[in-house]
Structures are given as C-alpha cells and as structure tokens.
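J.: Structure supplied as run-v3.csv; contents: CSV, N, CA and C atoms.
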```
chain,number,residue,atom,x,y,z
A,68,MET,N,128.3,-159.1,172.1
A,68,MET,CA,129.7,-159.5,171.7
A,68,MET,C,130.2,-160.5,172.7
A,69,LYS,N,129.9,-160.3,174.0
A,69,LYS,CA,130.5,-161.2,175.0
A,69,LYS,C,129.9,-162.6,174.9
A,70,ILE,N,128.7,-162.7,174.5
A,70,ILE,CA,128.1,-164.1,174.3
A,70,ILE,C,128.8,-164.7,173.1
A,71,ARG,N,129.0,-164.0,172.0
A,71,ARG,CA,129.7,-164.6,170.9
A,71,ARG,C,131.1,-165.0,171.2
A,72,LEU,N,131.8,-164.2,172.0
A,72,LEU,CA,133.2,-164.5,172.4
A,72,LEU,C,133.2,-165.8,173.2
A,73,ASN,N,132.3,-165.9,174.2
A,73,ASN,CA,132.2,-167.0,175.1
A,73,ASN,C,131.9,-168.3,174.3
A,74,ILE,N,131.0,-168.3,173.4
A,74,ILE,CA,130.7,-169.5,172.6
A,74,ILE,C,131.8,-169.8,171.7
A,75,PHE,N,132.5,-168.8,171.1
A,75,PHE,CA,133.6,-169.1,170.3
A,75,PHE,C,134.7,-169.8,171.1
A,76,THR,N,134.9,-169.3,172.3
A,76,THR,CA,135.9,-170.0,173.2
A,76,THR,C,135.5,-171.4,173.5
A,77,LEU,N,134.2,-171.6,173.8
A,77,LEU,CA,133.7,-172.9,174.2
A,77,LEU,C,133.8,-173.9,173.0
A,78,VAL,N,133.4,-173.5,171.8
A,78,VAL,CA,133.5,-174.4,170.7
A,78,VAL,C,135.0,-174.7,170.4
A,79,PHE,N,135.8,-173.6,170.4
A,79,PHE,CA,137.3,-173.8,170.1
A,79,PHE,C,137.9,-174.8,171.1
A,80,LEU,N,137.6,-174.6,172.4
A,80,LEU,CA,138.2,-175.5,173.4
A,80,LEU,C,137.6,-176.9,173.4
A,81,LEU,N,136.3,-177.0,173.0
A,81,LEU,CA,135.7,-178.3,172.9
A,81,LEU,C,136.4,-179.1,171.9
A,82,PHE,N,136.7,-178.6,170.8
A,82,PHE,CA,137.3,-179.3,169.7
A,82,PHE,C,138.8,-179.6,169.9
A,83,LEU,N,139.4,-178.8,170.8
A,83,LEU,CA,140.8,-179.0,171.0
A,83,LEU,C,141.0,-179.7,172.3
A,84,SER,N,140.0,-180.0,173.1
A,84,SER,CA,140.1,-180.6,174.4
A,84,SER,C,140.6,-182.0,174.4
A,85,GLY,N,140.5,-182.7,173.3
A,85,GLY,CA,140.9,-184.1,173.2
A,85,GLY,C,141.1,-184.5,171.8
A,86,PRO,N,141.9,-185.5,171.6
A,86,PRO,CA,142.1,-186.0,170.2
A,86,PRO,C,141.0,-187.0,169.8
A,87,ALA,N,139.8,-186.5,169.6
A,87,ALA,CA,138.7,-187.3,169.1
A,87,ALA,C,139.0,-188.0,167.8
A,88,SER,N,138.7,-189.2,167.7
A,88,SER,CA,138.9,-189.9,166.4
A,88,SER,C,137.6,-189.9,165.6
A,89,GLY,N,137.6,-189.2,164.6
A,89,GLY,CA,136.4,-189.1,163.8
A,89,GLY,C,135.4,-188.1,164.4
A,90,ARG,N,134.1,-188.5,164.4
A,90,ARG,CA,133.1,-187.6,164.8
A,90,ARG,C,132.9,-187.7,166.4
A,91,LEU,N,132.5,-186.6,167.0
A,91,LEU,CA,132.2,-186.5,168.4
A,91,LEU,C,130.7,-186.7,168.6
A,92,LEU,N,130.3,-187.9,169.1
A,92,LEU,CA,128.9,-188.3,169.1
A,92,LEU,C,128.3,-188.1,170.5
A,93,LEU,N,127.0,-187.8,170.6
A,93,LEU,CA,126.3,-187.7,171.9
A,93,LEU,C,125.4,-188.9,172.1
A,94,TYR,N,125.4,-189.5,173.3
A,94,TYR,CA,124.5,-190.5,173.6
A,94,TYR,C,123.9,-190.2,175.0
A,95,SER,N,122.6,-190.3,175.1
A,95,SER,CA,122.0,-190.2,176.4
A,95,SER,C,121.6,-191.6,176.8
A,96,LYS,N,122.3,-192.1,177.8
A,96,LYS,CA,122.2,-193.5,178.1
A,96,LYS,C,122.6,-194.3,176.8
A,97,ASP,N,121.8,-195.1,176.2
A,97,ASP,CA,122.1,-195.8,175.0
A,97,ASP,C,121.5,-195.2,173.8
A,98,VAL,N,120.9,-194.0,173.9
A,98,VAL,CA,120.2,-193.4,172.8
A,98,VAL,C,121.0,-192.4,172.1
A,99,PHE,N,121.2,-192.5,170.8
A,99,PHE,CA,122.0,-191.5,170.1
A,99,PHE,C,121.2,-190.3,169.9
A,100,VAL,N,121.8,-189.1,170.3
A,100,VAL,CA,121.1,-187.8,170.2
A,100,VAL,C,121.8,-186.8,169.4
A,101,GLY,N,122.8,-187.3,168.5
A,101,GLY,CA,123.4,-186.4,167.5
A,101,GLY,C,124.9,-186.3,167.6
A,102,CYS,N,125.4,-185.8,166.5
A,102,CYS,CA,126.8,-185.5,166.3
A,102,CYS,C,127.1,-184.1,166.7
A,103,LEU,N,128.0,-183.9,167.6
A,103,LEU,CA,128.3,-182.6,168.2
A,103,LEU,C,129.2,-181.7,167.3
A,104,ASP,N,130.1,-182.4,166.6
A,104,ASP,CA,131.0,-181.6,165.7
A,104,ASP,C,130.9,-181.8,164.2
A,105,CYS,N,129.8,-182.4,163.8
A,105,CYS,CA,129.5,-182.6,162.4
A,105,CYS,C,129.0,-181.2,161.8
A,106,ILE,N,129.3,-181.0,160.5
A,106,ILE,CA,128.8,-179.8,159.9
A,106,ILE,C,127.3,-180.0,159.7
A,107,ALA,N,126.6,-178.8,159.5
A,107,ALA,CA,125.2,-178.8,159.5
A,107,ALA,C,124.5,-179.6,158.4
A,108,SER,N,125.2,-179.9,157.3
A,108,SER,CA,124.6,-180.6,156.2
A,108,SER,C,124.6,-182.1,156.5
A,109,ILE,N,125.2,-182.6,157.5
A,109,ILE,CA,125.2,-184.0,157.9
A,109,ILE,C,123.9,-184.3,158.6
A,110,PRO,N,123.1,-185.3,158.2
A,110,PRO,CA,121.8,-185.5,158.8
A,110,PRO,C,121.9,-185.8,160.3
A,111,ASP,N,123.0,-186.3,160.8
A,111,ASP,CA,123.1,-186.6,162.3
A,111,ASP,C,123.6,-185.4,163.1
A,112,SER,N,123.9,-184.3,162.5
A,112,SER,CA,124.4,-183.2,163.2
A,112,SER,C,123.4,-182.5,164.1
A,113,VAL,N,123.8,-182.1,165.3
A,113,VAL,CA,122.9,-181.3,166.1
A,113,VAL,C,122.7,-179.9,165.5
A,114,CYS,N,123.5,-179.6,164.5
A,114,CYS,CA,123.4,-178.3,163.8
A,114,CYS,C,122.6,-178.3,162.5
A,115,ASN,N,122.1,-179.5,162.2
A,115,ASN,CA,121.2,-179.6,161.0
A,115,ASN,C,119.8,-179.3,161.5
A,116,PHE,N,119.4,-178.1,161.2
A,116,PHE,CA,118.1,-177.6,161.7
A,116,PHE,C,116.9,-178.3,161.2
A,117,ASP,N,117.1,-179.1,160.1
A,117,ASP,CA,116.0,-179.8,159.5
A,117,ASP,C,116.1,-181.3,159.9
A,118,GLY,N,117.1,-181.7,160.6
A,118,GLY,CA,117.4,-183.1,160.9
A,118,GLY,C,116.8,-183.5,162.2
A,119,PRO,N,116.8,-184.8,162.5
A,119,PRO,CA,116.2,-185.3,163.8
A,119,PRO,C,116.9,-184.9,165.0
A,120,TYR,N,118.1,-184.4,164.9
A,120,TYR,CA,118.9,-184.0,166.1
A,120,TYR,C,119.1,-182.5,166.2
A,121,GLY,N,118.7,-181.8,165.2
A,121,GLY,CA,118.9,-180.3,165.3
A,121,GLY,C,117.7,-179.5,165.3
A,122,LYS,N,116.5,-180.1,165.1
A,122,LYS,CA,115.2,-179.4,165.1
A,122,LYS,C,114.9,-179.1,166.5
A,123,LEU,N,114.3,-177.9,166.7
A,123,LEU,CA,113.9,-177.5,168.0
A,123,LEU,C,112.7,-178.4,168.6
A,124,ASP,N,112.0,-179.0,167.8
A,124,ASP,CA,110.8,-179.8,168.3
A,124,ASP,C,111.0,-181.3,168.1
A,125,SER,N,112.2,-181.7,167.7
A,125,SER,CA,112.4,-183.1,167.4
A,125,SER,C,112.6,-183.9,168.8
A,126,PHE,N,112.1,-185.1,168.8
A,126,PHE,CA,112.1,-186.0,170.0
A,126,PHE,C,113.5,-186.2,170.5
A,127,LYS,N,114.5,-186.4,169.6
A,127,LYS,CA,115.8,-186.7,170.0
A,127,LYS,C,116.8,-185.5,170.0
A,128,SER,N,116.2,-184.3,170.0
A,128,SER,CA,117.1,-183.1,169.9
A,128,SER,C,117.4,-182.6,171.3
A,129,ILE,N,118.7,-182.2,171.5
A,129,ILE,CA,119.1,-181.6,172.7
A,129,ILE,C,118.6,-180.1,172.8
A,130,TRP,N,118.0,-179.7,171.7
A,130,TRP,CA,117.5,-178.3,171.6
A,130,TRP,C,116.0,-178.2,171.9
A,131,ASN,N,115.4,-179.4,172.1
A,131,ASN,CA,113.9,-179.4,172.4
A,131,ASN,C,113.7,-179.2,173.9
A,132,GLN,N,113.3,-178.0,174.2
A,132,GLN,CA,113.1,-177.6,175.6
A,132,GLN,C,112.0,-178.5,176.3
A,133,LYS,N,111.1,-179.1,175.5
A,133,LYS,CA,110.0,-179.9,176.1
A,133,LYS,C,110.3,-181.4,176.0
A,134,GLY,N,111.5,-181.7,175.5
A,134,GLY,CA,111.8,-183.1,175.2
A,134,GLY,C,112.6,-183.7,176.3
A,135,GLU,N,112.8,-185.1,176.2
A,135,GLU,CA,113.5,-185.8,177.2
A,135,GLU,C,115.0,-185.5,177.1
A,136,TYR,N,115.5,-185.1,175.9
A,136,TYR,CA,116.9,-184.9,175.7
A,136,TYR,C,117.3,-183.4,175.7
A,137,GLY,N,116.4,-182.5,175.9
A,137,GLY,CA,116.7,-181.1,175.9
A,137,GLY,C,116.0,-180.4,177.0
A,138,GLY,N,115.0,-181.0,177.6
A,138,GLY,CA,114.2,-180.3,178.7
A,138,GLY,C,115.0,-180.1,179.9
A,139,PRO,N,114.9,-178.9,180.5
A,139,PRO,CA,115.6,-178.5,181.7
A,139,PRO,C,115.3,-179.4,182.9
A,140,ASN,N,114.3,-180.1,182.9
A,140,ASN,CA,113.9,-181.0,184.1
A,140,ASN,C,114.2,-182.4,183.8
A,141,SER,N,114.8,-182.8,182.7
A,141,SER,CA,115.1,-184.2,182.4
A,141,SER,C,116.5,-184.5,182.7
A,142,PRO,N,116.8,-185.5,183.5
A,142,PRO,CA,118.2,-185.9,183.8
A,142,PRO,C,119.0,-186.3,182.5
A,143,ASN,N,118.3,-186.6,181.4
A,143,ASN,CA,118.9,-187.0,180.2
A,143,ASN,C,119.3,-185.8,179.3
A,144,SER,N,119.1,-184.6,179.8
A,144,SER,CA,119.4,-183.4,179.1
A,144,SER,C,120.6,-182.7,179.6
A,145,PRO,N,121.4,-182.1,178.6
A,145,PRO,CA,122.6,-181.3,179.1
A,145,PRO,C,122.2,-180.1,179.9
A,146,TRP,N,120.9,-179.7,179.8
A,146,TRP,CA,120.5,-178.4,180.4
A,146,TRP,C,119.9,-178.6,181.8
A,147,SER,N,119.8,-179.8,182.3
A,147,SER,CA,119.1,-180.1,183.6
A,147,SER,C,119.9,-179.7,184.8
A,148,GLY,N,121.2,-179.6,184.7
A,148,GLY,CA,122.0,-179.3,185.9
A,148,GLY,C,122.4,-180.6,186.6
A,149,SER,N,122.0,-181.8,186.0
A,149,SER,CA,122.5,-183.1,186.4
A,149,SER,C,124.0,-183.2,186.2
A,150,THR,N,124.7,-184.0,187.0
A,150,THR,CA,126.1,-184.2,186.7
A,150,THR,C,126.4,-185.1,185.6
A,151,LYS,N,125.4,-185.7,185.0
A,151,LYS,CA,125.6,-186.6,183.8
A,151,LYS,C,124.5,-186.3,182.7
A,152,GLY,N,125.0,-185.5,181.8
A,152,GLY,CA,124.1,-185.2,180.6
A,152,GLY,C,124.5,-186.2,179.6
A,153,PRO,N,124.2,-186.0,178.3
A,153,PRO,CA,124.7,-186.9,177.2
A,153,PRO,C,126.2,-187.1,177.3
A,154,THR,N,126.6,-188.4,177.0
A,154,THR,CA,128.0,-188.7,177.0
A,154,THR,C,128.6,-188.4,175.6
A,155,MET,N,129.7,-187.8,175.6
A,155,MET,CA,130.5,-187.4,174.4
A,155,MET,C,131.4,-188.6,174.1
A,156,VAL,N,131.3,-189.2,173.0
A,156,VAL,CA,132.1,-190.4,172.6
A,156,VAL,C,132.5,-190.3,171.2
A,157,ASP,N,133.8,-190.7,170.8
A,157,ASP,CA,134.1,-190.7,169.4
A,157,ASP,C,133.7,-192.0,168.8
A,158,GLU,N,134.0,-192.2,167.5
A,158,GLU,CA,133.5,-193.4,166.8
A,158,GLU,C,134.2,-194.6,167.2
A,159,ASN,N,135.4,-194.5,167.9
A,159,ASN,CA,136.1,-195.7,168.5
A,159,ASN,C,135.6,-196.1,169.9
A,160,GLY,N,134.7,-195.3,170.4
A,160,GLY,CA,134.2,-195.6,171.7
A,160,GLY,C,134.9,-194.9,172.9
A,161,THR,N,135.8,-194.0,172.6
A,161,THR,CA,136.5,-193.3,173.6
A,161,THR,C,135.6,-192.2,174.2
A,162,VAL,N,135.4,-192.3,175.5
A,162,VAL,CA,134.5,-191.3,176.2
A,162,VAL,C,135.3,-190.1,176.5
A,163,PHE,N,134.7,-188.9,176.2
A,163,PHE,CA,135.3,-187.6,176.5
A,163,PHE,C,134.6,-186.9,177.6
A,164,GLY,N,133.6,-187.5,178.3
A,164,GLY,CA,132.9,-186.8,179.4
A,164,GLY,C,131.4,-186.6,179.0
A,165,TRP,N,130.8,-185.8,179.9
A,165,TRP,CA,129.4,-185.5,179.7
A,165,TRP,C,129.2,-184.1,179.2
A,166,PHE,N,128.4,-184.0,178.2
A,166,PHE,CA,128.0,-182.6,177.6
A,166,PHE,C,126.9,-182.1,178.5
A,167,GLN,N,127.2,-181.2,179.4
A,167,GLN,CA,126.2,-180.7,180.3
A,167,GLN,C,126.7,-179.4,181.0
A,168,ILE,N,125.8,-178.7,181.6
A,168,ILE,CA,126.1,-177.4,182.2
A,168,ILE,C,126.6,-177.5,183.7
A,169,ASN,N,126.5,-178.6,184.3
A,169,ASN,CA,127.0,-178.7,185.7
A,169,ASN,C,128.5,-179.0,185.7
A,170,PRO,N,129.3,-178.1,186.2
A,170,PRO,CA,130.7,-178.3,186.3
A,170,PRO,C,131.2,-179.5,187.1
A,171,GLU,N,130.3,-179.9,188.0
A,171,GLU,CA,130.7,-181.0,188.9
A,171,GLU,C,130.6,-182.4,188.2
A,172,GLY,N,130.2,-182.4,186.9
A,172,GLY,CA,130.0,-183.6,186.1
A,172,GLY,C,131.3,-184.0,185.4
A,173,GLY,N,132.4,-183.2,185.5
A,173,GLY,CA,133.6,-183.6,185.0
A,173,GLY,C,134.0,-183.0,183.6
A,174,TYR,N,133.0,-182.4,182.9
A,174,TYR,CA,133.3,-181.9,181.5
A,174,TYR,C,134.0,-180.5,181.7
A,175,THR,N,135.1,-180.4,181.1
A,175,THR,CA,135.9,-179.2,181.3
A,175,THR,C,135.3,-177.9,180.9
A,176,GLN,N,134.4,-178.0,179.9
A,176,GLN,CA,133.7,-176.7,179.4
A,176,GLN,C,132.3,-176.5,180.0
A,177,SER,N,131.9,-177.2,181.0
A,177,SER,CA,130.6,-177.1,181.5
A,177,SER,C,130.3,-175.7,182.1
A,178,GLU,N,131.3,-175.1,182.7
A,178,GLU,CA,131.2,-173.8,183.2
A,178,GLU,C,130.9,-172.8,182.1
A,179,LYS,N,131.6,-172.8,181.0
A,179,LYS,CA,131.4,-171.9,179.9
A,179,LYS,C,130.0,-172.2,179.3
A,180,LEU,N,129.7,-173.5,179.2
A,180,LEU,CA,128.4,-173.8,178.6
A,180,LEU,C,127.2,-173.3,179.5
A,181,ASN,N,127.4,-173.4,180.8
A,181,ASN,CA,126.4,-172.9,181.7
A,181,ASN,C,126.3,-171.3,181.6
A,182,GLU,N,127.5,-170.7,181.5
A,182,GLU,CA,127.4,-169.2,181.3
A,182,GLU,C,126.6,-168.8,180.1
A,183,LEU,N,126.8,-169.5,179.0
A,183,LEU,CA,126.0,-169.2,177.8
A,183,LEU,C,124.5,-169.5,178.1
A,184,TYR,N,124.2,-170.6,178.7
A,184,TYR,CA,122.9,-171.0,179.0
A,184,TYR,C,122.2,-169.9,179.8
A,185,GLN,N,122.9,-169.5,180.9
A,185,GLN,CA,122.3,-168.4,181.8
A,185,GLN,C,122.2,-167.1,181.0
A,186,SER,N,123.2,-166.8,180.2
A,186,SER,CA,123.2,-165.5,179.5
A,186,SER,C,122.0,-165.3,178.5
A,187,VAL,N,121.4,-166.4,178.0
A,187,VAL,CA,120.3,-166.3,177.1
A,187,VAL,C,119.0,-166.9,177.8
A,188,ASN,N,119.1,-166.9,179.1
A,188,ASN,CA,117.9,-167.3,179.9
A,188,ASN,C,117.4,-168.7,179.5
A,189,GLY,N,118.3,-169.6,179.2
A,189,GLY,CA,117.9,-171.0,178.8
A,189,GLY,C,117.2,-171.1,177.5
A,190,ASP,N,117.3,-170.1,176.6
A,190,ASP,CA,116.6,-170.2,175.3
A,190,ASP,C,117.5,-171.1,174.4
A,191,LEU,N,117.0,-172.3,174.3
A,191,LEU,CA,117.8,-173.3,173.5
A,191,LEU,C,117.9,-173.0,172.0
A,192,GLY,N,116.9,-172.3,171.5
A,192,GLY,CA,116.9,-171.8,170.1
A,192,GLY,C,118.1,-170.9,169.9
A,193,ARG,N,118.2,-170.0,170.8
A,193,ARG,CA,119.3,-169.0,170.8
A,193,ARG,C,120.7,-169.7,170.9
A,194,ILE,N,120.8,-170.6,171.9
A,194,ILE,CA,122.0,-171.4,172.1
A,194,ILE,C,122.4,-172.1,170.8
A,195,ARG,N,121.4,-172.8,170.2
A,195,ARG,CA,121.6,-173.5,169.0
A,195,ARG,C,122.2,-172.6,167.9
A,196,GLU,N,121.6,-171.4,167.7
A,196,GLU,CA,122.0,-170.4,166.7
A,196,GLU,C,123.5,-170.1,167.0
A,197,ILE,N,123.8,-169.8,168.2
A,197,ILE,CA,125.2,-169.4,168.5
A,197,ILE,C,126.2,-170.6,168.4
A,198,PHE,N,125.8,-171.7,168.9
A,198,PHE,CA,126.6,-172.9,168.8
A,198,PHE,C,126.9,-173.3,167.4
A,199,CYS,N,125.9,-173.2,166.6
A,199,CYS,CA,126.0,-173.7,165.2
A,199,CYS,C,126.4,-172.7,164.2
A,200,LYS,N,126.7,-171.5,164.6
A,200,LYS,CA,127.1,-170.4,163.7
A,200,LYS,C,128.4,-170.8,163.0
A,201,ASP,N,128.4,-170.6,161.7
A,201,ASP,CA,129.6,-170.9,160.9
A,201,ASP,C,130.8,-170.1,161.3
```
Written as structure tokens, how would this file's structure read?
T.:
Amino acid sequence: MKIRLNIFTLVFLLFLSGPASGRLLLYSKDVFVGCLDCIASIPDSVCNFDGPYGKLDSFKSIWNQKGEYGGPNSPNSPWSGSTKGPTMVDENGTVFGWFQINPEGGYTQSEKLNELYQSVNGDLGRIREIFCKD
C-alpha cells in the first residue's frame, strides 16, 4: 500500500508541477525516448507496453534495464543516479527538468521517484506497472 500511495503522489505531483502545454516528452540528449503523460494506447507512450518506448526490451525504452536509456549504469538513464537523466519538455519546447532519481539534478520529484526505485530494488518492470497503472 505504501508503494502505491507513493507512486500516486509522484504521478499526481508530476502532472501538477508545471503547466505543460500538450504532451510531456522525454529526450535523452537529442533522442526521443517517449511521452511521459500520454495514455497507454498512444504509440509514443512510455506506458504502451507494446510500443517502442514502453516495452521492457525496447532499445529506446526507459524501462529496459540493459539498455542505454534504462540501464542503471548509463548516464542517459533516469535510473543511473546521474544528475541529468532524460529531459522533460512539452511540445512547445519548455523544459521542465530531468526525469531521474538523483535529487541533486533539480527535478522536484526525484526523491519520490528514487524511493519507489529503491522500494522495488530497481525492478523497472515493477516500476512500469505501478507508474502506468490506470
């Protein structure tokens, strides 16, 4: 129950933390790695489990533990502990910070994201299930 409450709080605060115009997109450097707040039926969504950004084994997925954009040892991953994970940007180019677990990176919800990450021992499949829960 505590994990569910934490992720609910994280998702709620994420979507209320700024007036994003349109979709909240993730870019790792110049590479698009998914839409953070799109519904699961959208192909670009990180919650579309069959799409290129939501599959656990997809090259451009933040959920791929062995990939460049999801691996815990990759600086391009939100799970690496780097101060700069994927950039959150809206469709107008407004930057909202870095989606990552290191609170020193400036993202206001990094601490809560890190708590979730630690509570499931870095299991990105489990984090994806919780994050993408309807």
J.: How many Å lie between CA of Lys122 in chain A and atom C of Glu171 in chain A, rounded to one decimal?
T.: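 Pair CA of Lys122 in chain A / atom C of Glu171 in chain A returns 27.9 Å.
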J.: Tell me, as a PyMOL selection string, which residues lie within 8 Å of Pro170 in chain A, counting all atoms listed in the file; anything in the same chain fewer than 5 positions away does not count.
T.: chain A and resi 148-150+175-179+181
J.: DSSP on the backbone, then: every residue of range 70-199 of chain A marked strand (DSSP E or B), written as a PyMOL selection string.
T.: chain A and resi 91-95+98-102+112+154-157+162-165
J.: So which bits of chain A end up helix (DSSP H, G or I) when you DSSP the backbone, as a compact mmCIF listing (two decimals) with N, CA and C atoms, in the coordinates of the input?
T.:
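Final output, states.txt:
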```txt
# COMPACT_ATOMS: atom_id res chain seq x y z
N LYS A 69 129.90 -160.30 174.00
CA LYS A 69 130.50 -161.20 175.00
C LYS A 69 129.90 -162.60 174.90
N ILE A 70 128.70 -162.70 174.50
CA ILE A 70 128.10 -164.10 174.30
C ILE A 70 128.80 -164.70 173.10
N ARG A 71 129.00 -164.00 172.00
CA ARG A 71 129.70 -164.60 170.90
C ARG A 71 131.10 -165.00 171.20
N LEU A 72 131.80 -164.20 172.00
CA LEU A 72 133.20 -164.50 172.40
C LEU A 72 133.20 -165.80 173.20
N ASN A 73 132.30 -165.90 174.20
CA ASN A 73 132.20 -167.00 175.10
C ASN A 73 131.90 -168.30 174.30
N ILE A 74 131.00 -168.30 173.40
CA ILE A 74 130.70 -169.50 172.60
C ILE A 74 131.80 -169.80 171.70
N PHE A 75 132.50 -168.80 171.10
CA PHE A 75 133.60 -169.10 170.30
C PHE A 75 134.70 -169.80 171.10
N THR A 76 134.90 -169.30 172.30
CA THR A 76 135.90 -170.00 173.20
C THR A 76 135.50 -171.40 173.50
N LEU A 77 134.20 -171.60 173.80
CA LEU A 77 133.70 -172.90 174.20
C LEU A 77 133.80 -173.90 173.00
N VAL A 78 133.40 -173.50 171.80
CA VAL A 78 133.50 -174.40 170.70
C VAL A 78 135.00 -174.70 170.40
N PHE A 79 135.80 -173.60 170.40
CA PHE A 79 137.30 -173.80 170.10
C PHE A 79 137.90 -174.80 171.10
N LEU A 80 137.60 -174.60 172.40
CA LEU A 80 138.20 -175.50 173.40
C LEU A 80 137.60 -176.90 173.40
N LEU A 81 136.30 -177.00 173.00
CA LEU A 81 135.70 -178.30 172.90
C LEU A 81 136.40 -179.10 171.90
N PHE A 82 136.70 -178.60 170.80
CA PHE A 82 137.30 -179.30 169.70
C PHE A 82 138.80 -179.60 169.90
N LEU A 83 139.40 -178.80 170.80
CA LEU A 83 140.80 -179.00 171.00
C LEU A 83 141.00 -179.70 172.30
N PRO A 170 129.30 -178.10 186.20
CA PRO A 170 130.70 -178.30 186.30
C PRO A 170 131.20 -179.50 187.10
N GLU A 171 130.30 -179.90 188.00
CA GLU A 171 130.70 -181.00 188.90
C GLU A 171 130.60 -182.40 188.20
N GLY A 172 130.20 -182.40 186.90
CA GLY A 172 130.00 -183.60 186.10
C GLY A 172 131.30 -184.00 185.40
N SER A 177 131.90 -177.20 181.00
CA SER A 177 130.60 -177.10 181.50
C SER A 177 130.30 -175.70 182.10
N GLU A 178 131.30 -175.10 182.70
CA GLU A 178 131.20 -173.80 183.20
C GLU A 178 130.90 -172.80 182.10
N LYS A 179 131.60 -172.80 181.00
CA LYS A 179 131.40 -171.90 179.90
C LYS A 179 130.00 -172.20 179.30
N LEU A 180 129.70 -173.50 179.20
CA LEU A 180 128.40 -173.80 178.60
C LEU A 180 127.20 -173.30 179.50
N ASN A 181 127.40 -173.40 180.80
CA ASN A 181 126.40 -172.90 181.70
C ASN A 181 126.30 -171.30 181.60
N GLU A 182 127.50 -170.70 181.50
CA GLU A 182 127.40 -169.20 181.30
C GLU A 182 126.60 -168.80 180.10
N LEU A 183 126.80 -169.50 179.00
CA LEU A 183 126.00 -169.20 177.80
C LEU A 183 124.50 -169.50 178.10
N TYR A 184 124.20 -170.60 178.70
CA TYR A 184 122.90 -171.00 179.00
C TYR A 184 122.20 -169.90 179.80
N GLN A 185 122.90 -169.50 180.90
CA GLN A 185 122.30 -168.40 181.80
C GLN A 185 122.20 -167.10 181.00
N SER A 186 123.20 -166.80 180.20
CA SER A 186 123.20 -165.50 179.50
C SER A 186 122.00 -165.30 178.50
N LEU A 191 117.00 -172.30 174.30
CA LEU A 191 117.80 -173.30 173.50
C LEU A 191 117.90 -173.00 172.00
N GLY A 192 116.90 -172.30 171.50
CA GLY A 192 116.90 -171.80 170.10
C GLY A 192 118.10 -170.90 169.90
N ARG A 193 118.20 -170.00 170.80
CA ARG A 193 119.30 -169.00 170.80
C ARG A 193 120.70 -169.70 170.90
N ILE A 194 120.80 -170.60 171.90
CA ILE A 194 122.00 -171.40 172.10
C ILE A 194 122.40 -172.10 170.80
N ARG A 195 121.40 -172.80 170.20
CA ARG A 195 121.60 -173.50 169.00
C ARG A 195 122.20 -172.60 167.90
N GLU A 196 121.60 -171.40 167.70
CA GLU A 196 122.00 -170.40 166.70
C GLU A 196 123.50 -170.10 167.00
N ILE A 197 123.80 -169.80 168.20
CA ILE A 197 125.20 -169.40 168.50
C ILE A 197 126.20 -170.60 168.40
N PHE A 198 125.80 -171.70 168.90
CA PHE A 198 126.60 -172.90 168.80
C PHE A 198 126.90 -173.30 167.40
```
J.: Figure out the distance between CA of Gly101 in chain A and CA of Gly160 in chain A, please, to one decimal in Å.
T.: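 Separation of CA of Gly160 in chain A and CA of Gly101 in chain A: 14.8 Å.
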J.: I'd like the interatomic distance between CA of Leu92 in chain A and CA of Gln167 in chain A, to a tenth of an Å.
T.: 13.8 Å
J.: Around the point (123.4, -178.2, 164.4) in the file's coordinates, collect all residues with an atom within 7 Å, using only N, CA and C atoms, and return them as a ChimeraX atom specification.
T.: /A:105-107,112-116,120-121,195,198-199
J.: List as an mmCIF file with N, CA and C atoms, keeping the file's coordinate frame the protein and nucleic acid residues near range 129-131 of chain A, meaning an atom at most 6.5 Å away when only N, CA and C atoms are counted, but skip any in the same chain fewer than 5 places from it.
T.:
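result.cif, freshly written:
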```cif
data_model
loop_
_atom_site.group_PDB
_atom_site.id
_atom_site.type_symbol
_atom_site.label_atom_id
_atom_site.label_comp_id
_atom_site.auth_asym_id
_atom_site.auth_seq_id
_atom_site.Cartn_x
_atom_site.Cartn_y
_atom_site.Cartn_z
ATOM 1 N N VAL A 100 121.800 -189.100 170.300
ATOM 2 C CA VAL A 100 121.100 -187.800 170.200
ATOM 3 C C VAL A 100 121.800 -186.800 169.400
ATOM 4 N N TYR A 120 118.100 -184.400 164.900
ATOM 5 C CA TYR A 120 118.900 -184.000 166.100
ATOM 6 C C TYR A 120 119.100 -182.500 166.200
ATOM 7 N N GLY A 121 118.700 -181.800 165.200
ATOM 8 C CA GLY A 121 118.900 -180.300 165.300
ATOM 9 C C GLY A 121 117.700 -179.500 165.300
ATOM 10 N N LYS A 122 116.500 -180.100 165.100
ATOM 11 C CA LYS A 122 115.200 -179.400 165.100
ATOM 12 C C LYS A 122 114.900 -179.100 166.500
ATOM 13 N N LEU A 123 114.300 -177.900 166.700
ATOM 14 C CA LEU A 123 113.900 -177.500 168.000
ATOM 15 C C LEU A 123 112.700 -178.400 168.600
ATOM 16 N N ASP A 124 112.000 -179.000 167.800
ATOM 17 C CA ASP A 124 110.800 -179.800 168.300
ATOM 18 C C ASP A 124 111.000 -181.300 168.100
ATOM 19 N N TYR A 136 115.500 -185.100 175.900
ATOM 20 C CA TYR A 136 116.900 -184.900 175.700
ATOM 21 C C TYR A 136 117.300 -183.400 175.700
ATOM 22 N N GLY A 137 116.400 -182.500 175.900
ATOM 23 C CA GLY A 137 116.700 -181.100 175.900
ATOM 24 C C GLY A 137 116.000 -180.400 177.000
ATOM 25 N N GLY A 138 115.000 -181.000 177.600
ATOM 26 C CA GLY A 138 114.200 -180.300 178.700
ATOM 27 C C GLY A 138 115.000 -180.100 179.900
ATOM 28 N N PRO A 145 121.400 -182.100 178.600
ATOM 29 C CA PRO A 145 122.600 -181.300 179.100
ATOM 30 C C PRO A 145 122.200 -180.100 179.900
ATOM 31 N N LEU A 191 117.000 -172.300 174.300
ATOM 32 C CA LEU A 191 117.800 -173.300 173.500
ATOM 33 C C LEU A 191 117.900 -173.000 172.000
ATOM 34 N N GLY A 192 116.900 -172.300 171.500
ATOM 35 C CA GLY A 192 116.900 -171.800 170.100
ATOM 36 C C GLY A 192 118.100 -170.900 169.900
#
```
J.: Need to verify the contact set: Thr154 in chain A, 6.5 Å, only N, CA and C atoms, exclusion of same-chain residues closer than 4 positions in sequence. Can you return it as a list in words?
T.: Leu92, Leu93, Tyr94, Ser95, Lys96, Phe163, Gly164, Trp165 and Phe166 of chain A
